[in-house]
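Undergrad: Okay, so here is final-v8.tsv, and as you'll see once you scroll down, it has TSV, C-alpha atoms.
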```tsv
chain	number	residue	atom	x	y	z
A	321	MET	CA	102.13	76.01	107.14
A	322	ASN	CA	99.55	73.97	105.24
A	323	GLY	CA	97.60	77.00	104.09
A	324	ALA	CA	94.74	76.31	106.47
A	325	ALA	CA	93.22	79.47	107.83
A	326	PRO	CA	94.53	80.29	111.31
A	327	GLY	CA	92.39	81.71	114.07
A	328	ASP	CA	89.43	79.47	113.38
A	329	GLY	CA	89.30	81.09	109.98
A	330	LEU	CA	89.50	84.65	111.29
A	331	LEU	CA	92.82	85.66	109.82
A	332	HIS	CA	93.43	84.01	106.52
A	333	ALA	CA	96.91	84.96	105.44
A	334	ILE	CA	99.29	87.88	105.26
A	335	ASP	CA	98.28	90.08	102.34
A	336	HIS	CA	101.04	92.67	102.46
A	337	VAL	CA	103.79	94.17	104.57
A	338	ALA	CA	104.02	97.94	104.56
A	339	VAL	CA	106.86	100.41	104.93
A	340	ALA	CA	106.16	104.07	105.66
A	341	VAL	CA	108.26	106.34	103.46
A	342	ARG	CA	108.64	110.07	103.01
A	343	SER	CA	109.43	109.81	99.31
A	344	VAL	CA	108.10	107.11	97.00
A	345	GLU	CA	110.68	108.02	94.41
A	346	ALA	CA	113.59	107.59	96.83
A	347	ALA	CA	112.16	104.30	98.07
A	348	LEU	CA	111.69	102.98	94.53
A	349	ALA	CA	115.28	103.89	93.72
A	350	TYR	CA	116.21	101.24	96.28
A	351	TYR	CA	113.49	98.62	96.17
A	352	THR	CA	113.11	98.60	92.40
A	353	GLY	CA	116.39	100.14	91.27
A	354	VAL	CA	118.68	98.12	93.53
A	355	LEU	CA	116.65	95.10	94.64
A	356	GLY	CA	114.72	94.86	91.40
A	357	MET	CA	111.24	94.47	92.88
A	358	PRO	CA	108.66	95.35	90.19
A	359	VAL	CA	105.83	97.78	90.86
A	360	VAL	CA	102.50	96.06	90.41
A	361	HIS	CA	100.10	98.79	91.53
A	362	ASP	CA	100.26	102.50	92.40
A	363	GLU	CA	97.35	104.58	93.67
A	364	VAL	CA	96.28	107.30	96.06
A	365	ALA	CA	93.75	106.13	98.66
A	366	ASP	CA	91.71	109.26	99.26
A	367	ASP	CA	90.26	108.64	102.67
A	368	PRO	CA	93.41	107.66	104.52
A	369	GLY	CA	95.20	110.21	102.31
A	370	VAL	CA	98.14	108.03	101.37
A	371	ARG	CA	99.88	106.99	98.20
A	372	LEU	CA	100.18	103.21	98.08
A	373	VAL	CA	102.73	101.51	95.87
A	374	TYR	CA	102.67	97.72	95.75
A	375	LEU	CA	105.79	95.78	94.85
A	376	ASP	CA	105.84	92.14	93.78
A	377	ALA	CA	107.07	89.97	96.63
A	378	GLY	CA	105.73	86.59	95.64
A	379	PRO	CA	102.52	85.45	97.31
A	380	VAL	CA	102.25	88.66	99.29
A	381	THR	CA	103.05	92.23	98.34
A	382	PHE	CA	105.47	94.74	99.77
A	383	GLN	CA	103.71	98.09	100.11
A	384	LEU	CA	105.17	101.56	100.25
A	385	VAL	CA	102.84	103.94	102.08
A	386	CYS	CA	103.49	107.66	101.75
A	387	PRO	CA	101.21	110.35	103.16
A	388	VAL	CA	99.79	112.90	100.76
A	389	ARG	CA	98.35	115.01	103.60
A	390	PRO	CA	98.36	115.11	107.41
A	391	GLY	CA	97.15	111.93	109.10
A	392	PRO	CA	98.32	108.87	111.01
A	393	VAL	CA	101.07	107.88	108.57
A	394	ARG	CA	102.54	111.36	108.57
A	395	ASP	CA	102.35	111.30	112.37
A	396	PHE	CA	104.20	107.96	112.32
A	397	LEU	CA	106.94	109.43	110.15
A	398	VAL	CA	107.36	112.41	112.44
A	399	GLU	CA	107.52	110.20	115.52
A	400	HIS	CA	109.46	107.19	114.24
A	401	GLY	CA	110.96	108.12	110.90
A	402	GLU	CA	110.71	105.82	107.92
A	403	GLY	CA	110.39	102.13	108.58
A	404	LEU	CA	108.24	99.03	108.79
A	405	HIS	CA	104.74	100.27	109.50
A	406	HIS	CA	102.15	97.49	109.44
A	407	VAL	CA	101.30	93.97	108.44
A	408	CYS	CA	97.98	93.32	106.74
A	409	PHE	CA	96.00	90.08	106.90
A	410	SER	CA	93.33	89.15	104.43
A	411	VAL	CA	90.10	88.02	106.04
A	412	ARG	CA	86.81	86.84	104.61
A	413	ASP	CA	84.53	89.17	106.56
A	414	ILE	CA	85.87	92.18	108.46
A	415	PRO	CA	82.72	92.81	110.56
A	416	ALA	CA	82.72	89.16	111.62
A	417	VAL	CA	86.36	89.32	112.65
A	418	LEU	CA	85.82	92.57	114.56
A	419	ALA	CA	82.83	91.03	116.32
A	420	ALA	CA	84.91	88.01	117.31
A	421	LEU	CA	87.79	90.02	118.75
A	422	PRO	CA	87.57	91.95	122.03
A	423	GLY	CA	87.65	95.73	122.16
A	424	GLN	CA	86.97	96.61	118.54
A	425	ASP	CA	83.91	98.82	119.08
A	426	ALA	CA	85.63	102.04	118.00
A	427	VAL	CA	87.35	100.60	114.94
A	428	THR	CA	86.55	102.32	111.66
A	429	VAL	CA	86.27	100.33	108.46
A	430	PHE	CA	87.54	102.40	105.54
A	431	ARG	CA	87.96	102.11	101.81
A	432	GLY	CA	91.57	101.01	101.60
A	433	GLY	CA	93.90	100.34	98.71
A	434	ARG	CA	92.70	98.42	95.68
A	435	ASP	CA	89.10	99.42	96.48
A	436	ARG	CA	88.89	97.00	99.38
A	437	ARG	CA	87.34	97.29	102.81
A	438	ALA	CA	90.06	97.61	105.42
A	439	CYS	CA	90.60	98.49	109.05
A	440	PHE	CA	93.31	98.55	111.69
A	441	ILE	CA	92.40	96.44	114.68
A	442	ALA	CA	92.56	97.90	118.17
A	443	GLY	CA	94.78	96.43	120.85
A	444	ALA	CA	97.66	95.20	118.73
A	445	PRO	CA	100.93	94.86	120.66
A	446	PRO	CA	103.31	97.84	120.88
A	447	GLY	CA	105.19	98.58	117.69
A	448	VAL	CA	102.86	96.45	115.56
A	449	ARG	CA	99.96	97.75	113.49
A	450	ILE	CA	97.66	95.06	112.16
A	451	GLU	CA	95.44	95.83	109.22
A	452	LEU	CA	92.66	93.63	107.93
A	453	THR	CA	91.56	93.61	104.31
A	454	GLU	CA	88.90	91.74	102.41
A	455	GLN	CA	89.53	90.27	99.00
A	456	ASP	CA	86.18	91.54	97.74
A	457	PRO	CA	85.76	95.14	96.56
A	458	TRP	CA	84.26	97.89	98.65
A	459	TRP	CA	80.53	97.30	99.17
B	58	MET	CA	101.66	89.42	91.45
B	59	ASN	CA	102.00	86.42	89.16
B	60	GLY	CA	104.56	84.68	91.34
B	61	ALA	CA	107.41	85.45	88.98
B	62	ALA	CA	110.64	86.17	90.78
B	63	PRO	CA	111.31	89.89	91.06
B	64	GLY	CA	114.75	91.43	90.79
B	65	ASP	CA	115.81	89.31	87.86
B	66	GLY	CA	115.31	86.33	90.11
B	67	LEU	CA	117.31	87.75	93.01
B	68	LEU	CA	114.55	88.04	95.58
B	69	HIS	CA	112.02	85.31	95.18
B	70	ALA	CA	109.27	86.03	97.68
B	71	ILE	CA	108.66	87.12	101.22
B	72	ASP	CA	109.35	84.19	103.54
B	73	HIS	CA	108.41	85.72	106.86
B	74	VAL	CA	107.74	88.94	108.72
B	75	ALA	CA	109.30	89.23	112.15
B	76	VAL	CA	108.34	91.00	115.34
B	77	ALA	CA	110.88	91.51	118.12
B	78	VAL	CA	109.41	90.67	121.51
B	79	ARG	CA	110.67	90.62	125.07
B	80	SER	CA	108.46	87.71	126.10
B	81	VAL	CA	107.37	84.92	123.79
B	82	GLU	CA	104.71	83.88	126.27
B	83	ALA	CA	103.16	87.34	126.41
B	84	ALA	CA	103.25	87.60	122.62
B	85	LEU	CA	101.63	84.19	122.19
B	86	ALA	CA	98.88	85.19	124.60
B	87	TYR	CA	97.91	87.74	121.96
B	88	TYR	CA	98.81	86.25	118.60
B	89	THR	CA	97.63	82.74	119.41
B	90	GLY	CA	95.30	83.35	122.35
B	91	VAL	CA	93.42	86.30	120.87
B	92	LEU	CA	94.06	86.19	117.11
B	93	GLY	CA	94.22	82.39	116.99
B	94	MET	CA	97.39	82.08	114.91
B	95	PRO	CA	98.79	78.55	115.36
B	96	VAL	CA	102.44	77.94	116.24
B	97	VAL	CA	104.11	75.91	113.54
B	98	HIS	CA	107.74	75.93	114.73
B	99	ASP	CA	109.66	76.96	117.83
B	100	GLU	CA	113.43	76.85	118.22
B	101	VAL	CA	116.49	78.61	119.59
B	102	ALA	CA	118.97	79.68	116.89
B	103	ASP	CA	122.29	79.43	118.71
B	104	ASP	CA	124.47	81.75	116.72
B	105	PRO	CA	122.23	84.79	116.61
B	106	GLY	CA	121.13	83.80	120.14
B	107	VAL	CA	117.42	84.21	119.59
B	108	ARG	CA	114.32	82.16	120.17
B	109	LEU	CA	112.28	81.99	116.97
B	110	VAL	CA	108.60	81.13	117.04
B	111	TYR	CA	106.84	80.80	113.69
B	112	LEU	CA	103.10	81.36	113.43
B	113	ASP	CA	100.96	80.24	110.52
B	114	ALA	CA	100.08	83.22	108.34
B	115	GLY	CA	99.19	81.53	105.07
B	116	PRO	CA	101.86	81.46	102.39
B	117	VAL	CA	104.34	83.26	104.61
B	118	THR	CA	105.00	82.98	108.33
B	119	PHE	CA	104.80	85.51	111.12
B	120	GLN	CA	107.88	85.15	113.30
B	121	LEU	CA	108.39	86.15	116.90
B	122	VAL	CA	112.06	86.80	117.63
B	123	CYS	CA	113.14	87.00	121.26
B	124	PRO	CA	116.75	87.34	122.37
B	125	VAL	CA	118.14	84.68	124.70
B	126	ARG	CA	121.36	86.63	125.26
B	127	PRO	CA	122.88	90.03	124.37
B	128	GLY	CA	123.03	90.79	120.67
B	129	PRO	CA	121.42	92.86	117.93
B	130	VAL	CA	117.83	91.93	118.76
B	131	ARG	CA	118.28	92.78	122.41
B	132	ASP	CA	119.88	96.05	121.30
B	133	PHE	CA	116.85	96.70	119.08
B	134	LEU	CA	114.50	96.13	122.01
B	135	VAL	CA	116.45	98.50	124.22
B	136	GLU	CA	116.50	101.18	121.55
B	137	HIS	CA	113.06	100.80	119.96
B	138	GLY	CA	110.99	98.59	122.23
B	139	GLU	CA	108.96	95.72	120.87
B	140	GLY	CA	107.76	95.97	117.30
B	141	LEU	CA	108.10	94.99	113.68
B	142	HIS	CA	111.74	94.05	113.20
B	143	HIS	CA	112.49	92.64	109.76
B	144	VAL	CA	111.13	91.18	106.57
B	145	CYS	CA	112.80	88.10	105.15
B	146	PHE	CA	112.94	87.16	101.47
B	147	SER	CA	113.68	83.68	100.24
B	148	VAL	CA	116.35	83.53	97.56
B	149	ARG	CA	117.84	80.70	95.60
B	150	ASP	CA	121.51	81.48	96.28
B	151	ILE	CA	122.58	83.93	98.97
B	152	PRO	CA	126.18	84.37	97.75
B	153	ALA	CA	124.91	85.11	94.26
B	154	VAL	CA	122.49	87.72	95.56
B	155	LEU	CA	125.17	89.33	97.72
B	156	ALA	CA	127.52	89.42	94.75
B	157	ALA	CA	124.85	91.11	92.63
B	158	LEU	CA	124.06	93.82	95.17
B	159	PRO	CA	126.40	96.72	95.92
B	160	GLY	CA	128.15	97.08	99.28
B	161	GLN	CA	127.68	93.59	100.72
B	162	ASP	CA	131.35	92.75	101.33
B	163	ALA	CA	131.06	92.77	105.12
B	164	VAL	CA	127.82	90.79	105.32
B	165	THR	CA	127.99	87.61	107.38
B	166	VAL	CA	126.03	84.55	106.34
B	167	PHE	CA	124.85	82.67	109.40
B	168	ARG	CA	122.93	79.55	110.27
B	169	GLY	CA	119.46	80.97	110.77
B	170	GLY	CA	116.17	79.47	111.84
B	171	ARG	CA	115.05	76.13	110.41
B	172	ASP	CA	118.69	75.23	109.70
B	173	ARG	CA	118.86	77.57	106.73
B	174	ARG	CA	121.55	79.91	105.50
B	175	ALA	CA	120.57	83.49	106.19
B	176	CYS	CA	121.98	87.00	106.23
B	177	PHE	CA	120.89	90.58	106.68
B	178	ILE	CA	121.79	92.70	103.69
B	179	ALA	CA	123.70	95.93	104.14
B	180	GLY	CA	122.32	99.25	103.01
B	181	ALA	CA	118.61	98.66	103.61
B	182	PRO	CA	116.61	101.85	104.08
B	183	PRO	CA	116.20	103.32	107.59
B	184	GLY	CA	113.80	101.40	109.80
B	185	VAL	CA	113.82	98.34	107.56
B	186	ARG	CA	115.92	95.23	108.11
B	187	ILE	CA	115.98	92.84	105.16
B	188	GLU	CA	116.96	89.24	105.74
B	189	LEU	CA	117.64	86.70	103.04
B	190	THR	CA	117.11	82.99	103.51
B	191	GLU	CA	117.59	79.98	101.32
B	192	GLN	CA	115.09	77.18	101.14
B	193	ASP	CA	117.83	74.57	101.27
B	194	PRO	CA	119.39	73.51	104.59
B	195	TRP	CA	122.69	74.80	105.90
B	196	TRP	CA	125.54	73.51	103.76
```
With the file now loaded, output its structure as C-alpha cells.
TA:
Amino acid sequence: MNGAAPGDGLLHAIDHVAVAVRSVEAALAYYTGVLGMPVVHDEVADDPGVRLVYLDAGPVTFQLVCPVRPGPVRDFLVEHGEGLHHVCFSVRDIPAVLAALPGQDAVTVFRGGRDRRACFIAGAPPGVRIELTEQDPWW
Amino acid sequence: MNGAAPGDGLLHAIDHVAVAVRSVEAALAYYTGVLGMPVVHDEVADDPGVRLVYLDAGPVTFQLVCPVRPGPVRDFLVEHGEGLHHVCFSVRDIPAVLAALPGQDAVTVFRGGRDRRACFIAGAPPGVRIELTEQDPWW
C-alpha cells in the first residue's frame, strides 16, 4: 500500500475498472445522473470496435465499454449480460511483462483506448479479464 | 482525473476492486505467485462471514473475497462461479451518501474489512455491485 510497484515492477497499479454495457446512455443515466461521476473521456477504439467512456473515480477511472460491432465484448454481453468486465493494470513495458509471464505467446497487443498499447493477458482466473496498458502513446 | 471528488463529493474514489474466489490459496498462487502482487492485509470479517485478502495494486487495492460460511458471496459463487464481484468507493460519510441517493432505505451498514463502516448500495446496474466504505474506523 506504499505505492511501490508489485510483481517486481511488472504490474504497476490499477489503471481502470471496466463495466460492459449495452447502452452508454442508459449507463450514464445511472453513473453520472444518479451517482454523479463525471465523464472525463469518450472515444471509439476502432480495432477492438468498442466505445469507451471514462468516468472520474479518483486515482483510477471507471470505464464503460460498449461494443459498436461484433467482437469479444458483444460476445460477453450475450453470454453474461451487462456487468463488471475487466480490470486494467498500467505497466511500464507490455512486451517485457508478457515475456516475464508464462503462456503469453498468442497474446495480441492492440491500440487501446487513449491511444495506448494494450493487451489482455492469457491465463487469468475464471471470471476475471486482466488488461495491461502502457502510459506512453501507441508506438 | 484531477482527483476532485465526483458526484458533488458523494463518491470520492475507488478504494478496491474485489474478486470472489473459492480458494484464497489457489488465487494467491496466481495473483502473488505468477503476477507478483504482494499481500498487504488478510482478515476474516465476521459479520459478512468472508475472508478478505488485500493485494497491492497501487493507489487502490485488489481484494480477494472468500466466504467462510453461507451468505451472499457463497451464493454468488454458486450462481456465477469465481469472478469480478464488486467495486468499492471510499466516501466521507456513508449515511449522508445513502440519504442523497434514491431507494436506499433498506440498505444495511455493516462492519466491513479493515474495521470500516461499509454498505452495498441498492439499485446498482445488473452485474455490478457497488460498495461504499469510509476511511474512518467503525464508530
Undergrad: When you look at B:Pro183 with a cut-off of 8 Å (counting only C-alpha atoms), what residues show up, excluding the ones that are within fewer than 3 positions of it in the same chain? I need them as a list in words.
TA: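 Listing them by chain and then by number gives Gly401, Glu402 and Gly403 of chain A.
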Undergrad: Go ahead and align chain B to chain A (same sequence, so just pair every C-alpha in order, least squares) and export the moved chain as a PDB file with C-alpha atoms, in the coordinates of the input.
TA:
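As written to disk, superposed.pdb reads:
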```pdb
ATOM      1  CA  MET B  58     102.107  76.101 107.076  1.00  0.00           C
ATOM      2  CA  ASN B  59      99.550  74.078 105.146  1.00  0.00           C
ATOM      3  CA  GLY B  60      97.557  77.103 104.046  1.00  0.00           C
ATOM      4  CA  ALA B  61      94.728  76.381 106.446  1.00  0.00           C
ATOM      5  CA  ALA B  62      93.198  79.510 107.880  1.00  0.00           C
ATOM      6  CA  PRO B  63      94.502  80.264 111.358  1.00  0.00           C
ATOM      7  CA  GLY B  64      92.378  81.704 114.131  1.00  0.00           C
ATOM      8  CA  ASP B  65      89.407  79.495 113.424  1.00  0.00           C
ATOM      9  CA  GLY B  66      89.298  81.096 110.016  1.00  0.00           C
ATOM     10  CA  LEU B  67      89.500  84.663 111.305  1.00  0.00           C
ATOM     11  CA  LEU B  68      92.831  85.668 109.823  1.00  0.00           C
ATOM     12  CA  HIS B  69      93.418  83.996 106.525  1.00  0.00           C
ATOM     13  CA  ALA B  70      96.914  84.966 105.445  1.00  0.00           C
ATOM     14  CA  ILE B  71      99.287  87.869 105.260  1.00  0.00           C
ATOM     15  CA  ASP B  72      98.283  90.087 102.342  1.00  0.00           C
ATOM     16  CA  HIS B  73     101.036  92.666 102.473  1.00  0.00           C
ATOM     17  CA  VAL B  74     103.791  94.167 104.579  1.00  0.00           C
ATOM     18  CA  ALA B  75     104.024  97.939 104.562  1.00  0.00           C
ATOM     19  CA  VAL B  76     106.854 100.406 104.931  1.00  0.00           C
ATOM     20  CA  ALA B  77     106.157 104.070 105.657  1.00  0.00           C
ATOM     21  CA  VAL B  78     108.258 106.340 103.469  1.00  0.00           C
ATOM     22  CA  ARG B  79     108.622 110.070 103.000  1.00  0.00           C
ATOM     23  CA  SER B  80     109.429 109.801  99.300  1.00  0.00           C
ATOM     24  CA  VAL B  81     108.098 107.107  97.003  1.00  0.00           C
ATOM     25  CA  GLU B  82     110.698 108.009  94.407  1.00  0.00           C
ATOM     26  CA  ALA B  83     113.592 107.594  96.825  1.00  0.00           C
ATOM     27  CA  ALA B  84     112.162 104.299  98.065  1.00  0.00           C
ATOM     28  CA  LEU B  85     111.698 102.988  94.529  1.00  0.00           C
ATOM     29  CA  ALA B  86     115.289 103.893  93.720  1.00  0.00           C
ATOM     30  CA  TYR B  87     116.214 101.242  96.275  1.00  0.00           C
ATOM     31  CA  TYR B  88     113.495  98.612  96.174  1.00  0.00           C
ATOM     32  CA  THR B  89     113.119  98.596  92.402  1.00  0.00           C
ATOM     33  CA  GLY B  90     116.402 100.145  91.275  1.00  0.00           C
ATOM     34  CA  VAL B  91     118.689  98.118  93.530  1.00  0.00           C
ATOM     35  CA  LEU B  92     116.662  95.085  94.651  1.00  0.00           C
ATOM     36  CA  GLY B  93     114.723  94.855  91.385  1.00  0.00           C
ATOM     37  CA  MET B  94     111.247  94.472  92.883  1.00  0.00           C
ATOM     38  CA  PRO B  95     108.670  95.336  90.193  1.00  0.00           C
ATOM     39  CA  VAL B  96     105.829  97.778  90.852  1.00  0.00           C
ATOM     40  CA  VAL B  97     102.504  96.060  90.404  1.00  0.00           C
ATOM     41  CA  HIS B  98     100.092  98.800  91.532  1.00  0.00           C
ATOM     42  CA  ASP B  99     100.254 102.486  92.394  1.00  0.00           C
ATOM     43  CA  GLU B 100      97.359 104.576  93.667  1.00  0.00           C
ATOM     44  CA  VAL B 101      96.278 107.301  96.065  1.00  0.00           C
ATOM     45  CA  ALA B 102      93.750 106.122  98.673  1.00  0.00           C
ATOM     46  CA  ASP B 103      91.705 109.260  99.279  1.00  0.00           C
ATOM     47  CA  ASP B 104      90.273 108.635 102.693  1.00  0.00           C
ATOM     48  CA  PRO B 105      93.423 107.656 104.535  1.00  0.00           C
ATOM     49  CA  GLY B 106      95.215 110.214 102.322  1.00  0.00           C
ATOM     50  CA  VAL B 107      98.140 108.026 101.378  1.00  0.00           C
ATOM     51  CA  ARG B 108      99.879 106.991  98.207  1.00  0.00           C
ATOM     52  CA  LEU B 109     100.173 103.206  98.084  1.00  0.00           C
ATOM     53  CA  VAL B 110     102.726 101.513  95.870  1.00  0.00           C
ATOM     54  CA  TYR B 111     102.664  97.717  95.753  1.00  0.00           C
ATOM     55  CA  LEU B 112     105.796  95.779  94.856  1.00  0.00           C
ATOM     56  CA  ASP B 113     105.841  92.154  93.779  1.00  0.00           C
ATOM     57  CA  ALA B 114     107.074  89.974  96.631  1.00  0.00           C
ATOM     58  CA  GLY B 115     105.721  86.581  95.632  1.00  0.00           C
ATOM     59  CA  PRO B 116     102.520  85.449  97.302  1.00  0.00           C
ATOM     60  CA  VAL B 117     102.251  88.657  99.289  1.00  0.00           C
ATOM     61  CA  THR B 118     103.048  92.238  98.342  1.00  0.00           C
ATOM     62  CA  PHE B 119     105.471  94.744  99.782  1.00  0.00           C
ATOM     63  CA  GLN B 120     103.706  98.083 100.105  1.00  0.00           C
ATOM     64  CA  LEU B 121     105.170 101.554 100.261  1.00  0.00           C
ATOM     65  CA  VAL B 122     102.840 103.939 102.080  1.00  0.00           C
ATOM     66  CA  CYS B 123     103.490 107.660 101.744  1.00  0.00           C
ATOM     67  CA  PRO B 124     101.212 110.336 103.168  1.00  0.00           C
ATOM     68  CA  VAL B 125      99.781 112.902 100.759  1.00  0.00           C
ATOM     69  CA  ARG B 126      98.345 114.995 103.596  1.00  0.00           C
ATOM     70  CA  PRO B 127      98.369 115.092 107.423  1.00  0.00           C
ATOM     71  CA  GLY B 128      97.159 111.931 109.106  1.00  0.00           C
ATOM     72  CA  PRO B 129      98.331 108.869 111.013  1.00  0.00           C
ATOM     73  CA  VAL B 130     101.077 107.886 108.576  1.00  0.00           C
ATOM     74  CA  ARG B 131     102.538 111.366 108.564  1.00  0.00           C
ATOM     75  CA  ASP B 132     102.352 111.299 112.365  1.00  0.00           C
ATOM     76  CA  PHE B 133     104.197 107.963 112.328  1.00  0.00           C
ATOM     77  CA  LEU B 134     106.943 109.432 110.153  1.00  0.00           C
ATOM     78  CA  VAL B 135     107.357 112.415 112.440  1.00  0.00           C
ATOM     79  CA  GLU B 136     107.520 110.218 115.516  1.00  0.00           C
ATOM     80  CA  HIS B 137     109.457 107.195 114.247  1.00  0.00           C
ATOM     81  CA  GLY B 138     110.962 108.125 110.901  1.00  0.00           C
ATOM     82  CA  GLU B 139     110.712 105.829 107.922  1.00  0.00           C
ATOM     83  CA  GLY B 140     110.389 102.129 108.594  1.00  0.00           C
ATOM     84  CA  LEU B 141     108.251  99.035 108.792  1.00  0.00           C
ATOM     85  CA  HIS B 142     104.733 100.253 109.505  1.00  0.00           C
ATOM     86  CA  HIS B 143     102.139  97.487 109.436  1.00  0.00           C
ATOM     87  CA  VAL B 144     101.297  93.958 108.436  1.00  0.00           C
ATOM     88  CA  CYS B 145      97.985  93.318 106.730  1.00  0.00           C
ATOM     89  CA  PHE B 146      96.001  90.081 106.901  1.00  0.00           C
ATOM     90  CA  SER B 147      93.316  89.155 104.430  1.00  0.00           C
ATOM     91  CA  VAL B 148      90.078  88.018 106.029  1.00  0.00           C
ATOM     92  CA  ARG B 149      86.814  86.830 104.613  1.00  0.00           C
ATOM     93  CA  ASP B 150      84.524  89.177 106.560  1.00  0.00           C
ATOM     94  CA  ILE B 151      85.862  92.180 108.451  1.00  0.00           C
ATOM     95  CA  PRO B 152      82.728  92.797 110.559  1.00  0.00           C
ATOM     96  CA  ALA B 153      82.720  89.160 111.616  1.00  0.00           C
ATOM     97  CA  VAL B 154      86.363  89.322 112.644  1.00  0.00           C
ATOM     98  CA  LEU B 155      85.823  92.560 114.557  1.00  0.00           C
ATOM     99  CA  ALA B 156      82.838  91.031 116.318  1.00  0.00           C
ATOM    100  CA  ALA B 157      84.918  88.005 117.316  1.00  0.00           C
ATOM    101  CA  LEU B 158      87.796  90.025 118.750  1.00  0.00           C
ATOM    102  CA  PRO B 159      87.576  91.927 122.033  1.00  0.00           C
ATOM    103  CA  GLY B 160      87.664  95.729 122.170  1.00  0.00           C
ATOM    104  CA  GLN B 161      86.978  96.601 118.530  1.00  0.00           C
ATOM    105  CA  ASP B 162      83.908  98.801 119.063  1.00  0.00           C
ATOM    106  CA  ALA B 163      85.627 102.018 117.992  1.00  0.00           C
ATOM    107  CA  VAL B 164      87.361 100.586 114.926  1.00  0.00           C
ATOM    108  CA  THR B 165      86.553 102.320 111.651  1.00  0.00           C
ATOM    109  CA  VAL B 166      86.283 100.330 108.449  1.00  0.00           C
ATOM    110  CA  PHE B 167      87.542 102.389 105.539  1.00  0.00           C
ATOM    111  CA  ARG B 168      87.959 102.103 101.807  1.00  0.00           C
ATOM    112  CA  GLY B 169      91.572 101.007 101.580  1.00  0.00           C
ATOM    113  CA  GLY B 170      93.908 100.346  98.695  1.00  0.00           C
ATOM    114  CA  ARG B 171      92.688  98.387  95.673  1.00  0.00           C
ATOM    115  CA  ASP B 172      89.100  99.403  96.481  1.00  0.00           C
ATOM    116  CA  ARG B 173      88.893  96.979  99.380  1.00  0.00           C
ATOM    117  CA  ARG B 174      87.361  97.264 102.815  1.00  0.00           C
ATOM    118  CA  ALA B 175      90.073  97.606 105.420  1.00  0.00           C
ATOM    119  CA  CYS B 176      90.598  98.480 109.062  1.00  0.00           C
ATOM    120  CA  PHE B 177      93.303  98.558 111.686  1.00  0.00           C
ATOM    121  CA  ILE B 178      92.406  96.444 114.681  1.00  0.00           C
ATOM    122  CA  ALA B 179      92.563  97.898 118.166  1.00  0.00           C
ATOM    123  CA  GLY B 180      94.762  96.432 120.853  1.00  0.00           C
ATOM    124  CA  ALA B 181      97.671  95.208 118.729  1.00  0.00           C
ATOM    125  CA  PRO B 182     100.926  94.861 120.648  1.00  0.00           C
ATOM    126  CA  PRO B 183     103.305  97.850 120.884  1.00  0.00           C
ATOM    127  CA  GLY B 184     105.183  98.589 117.681  1.00  0.00           C
ATOM    128  CA  VAL B 185     102.871  96.458 115.560  1.00  0.00           C
ATOM    129  CA  ARG B 186      99.972  97.757 113.489  1.00  0.00           C
ATOM    130  CA  ILE B 187      97.663  95.052 112.159  1.00  0.00           C
ATOM    131  CA  GLU B 188      95.438  95.832 109.210  1.00  0.00           C
ATOM    132  CA  LEU B 189      92.664  93.628 107.925  1.00  0.00           C
ATOM    133  CA  THR B 190      91.545  93.603 104.317  1.00  0.00           C
ATOM    134  CA  GLU B 191      88.910  91.733 102.407  1.00  0.00           C
ATOM    135  CA  GLN B 192      89.527  90.266  99.003  1.00  0.00           C
ATOM    136  CA  ASP B 193      86.187  91.517  97.731  1.00  0.00           C
ATOM    137  CA  PRO B 194      85.750  95.121  96.548  1.00  0.00           C
ATOM    138  CA  TRP B 195      84.237  97.880  98.639  1.00  0.00           C
ATOM    139  CA  TRP B 196      80.537  97.244  99.162  1.00  0.00           C
TER     140      TRP B 196
END
```
Undergrad: Might you pull out every residue within 6 Å of B:Val117, with all atoms listed in the file counted and same-chain residues fewer than 2 positions away left off, and present them as a list in words?
TA: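 So the residues in contact are Asp72, His73, Ala114 and Gly115 of chain B.
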Undergrad: Mind listing as a PyMOL selection string which residues of chain A are within 9 Å of chain B, counting all atoms listed in the file?
TA: chain A and resi 321-334+337+339+347+350+352-358+360+375-382+400-407+409+421-422+444-449
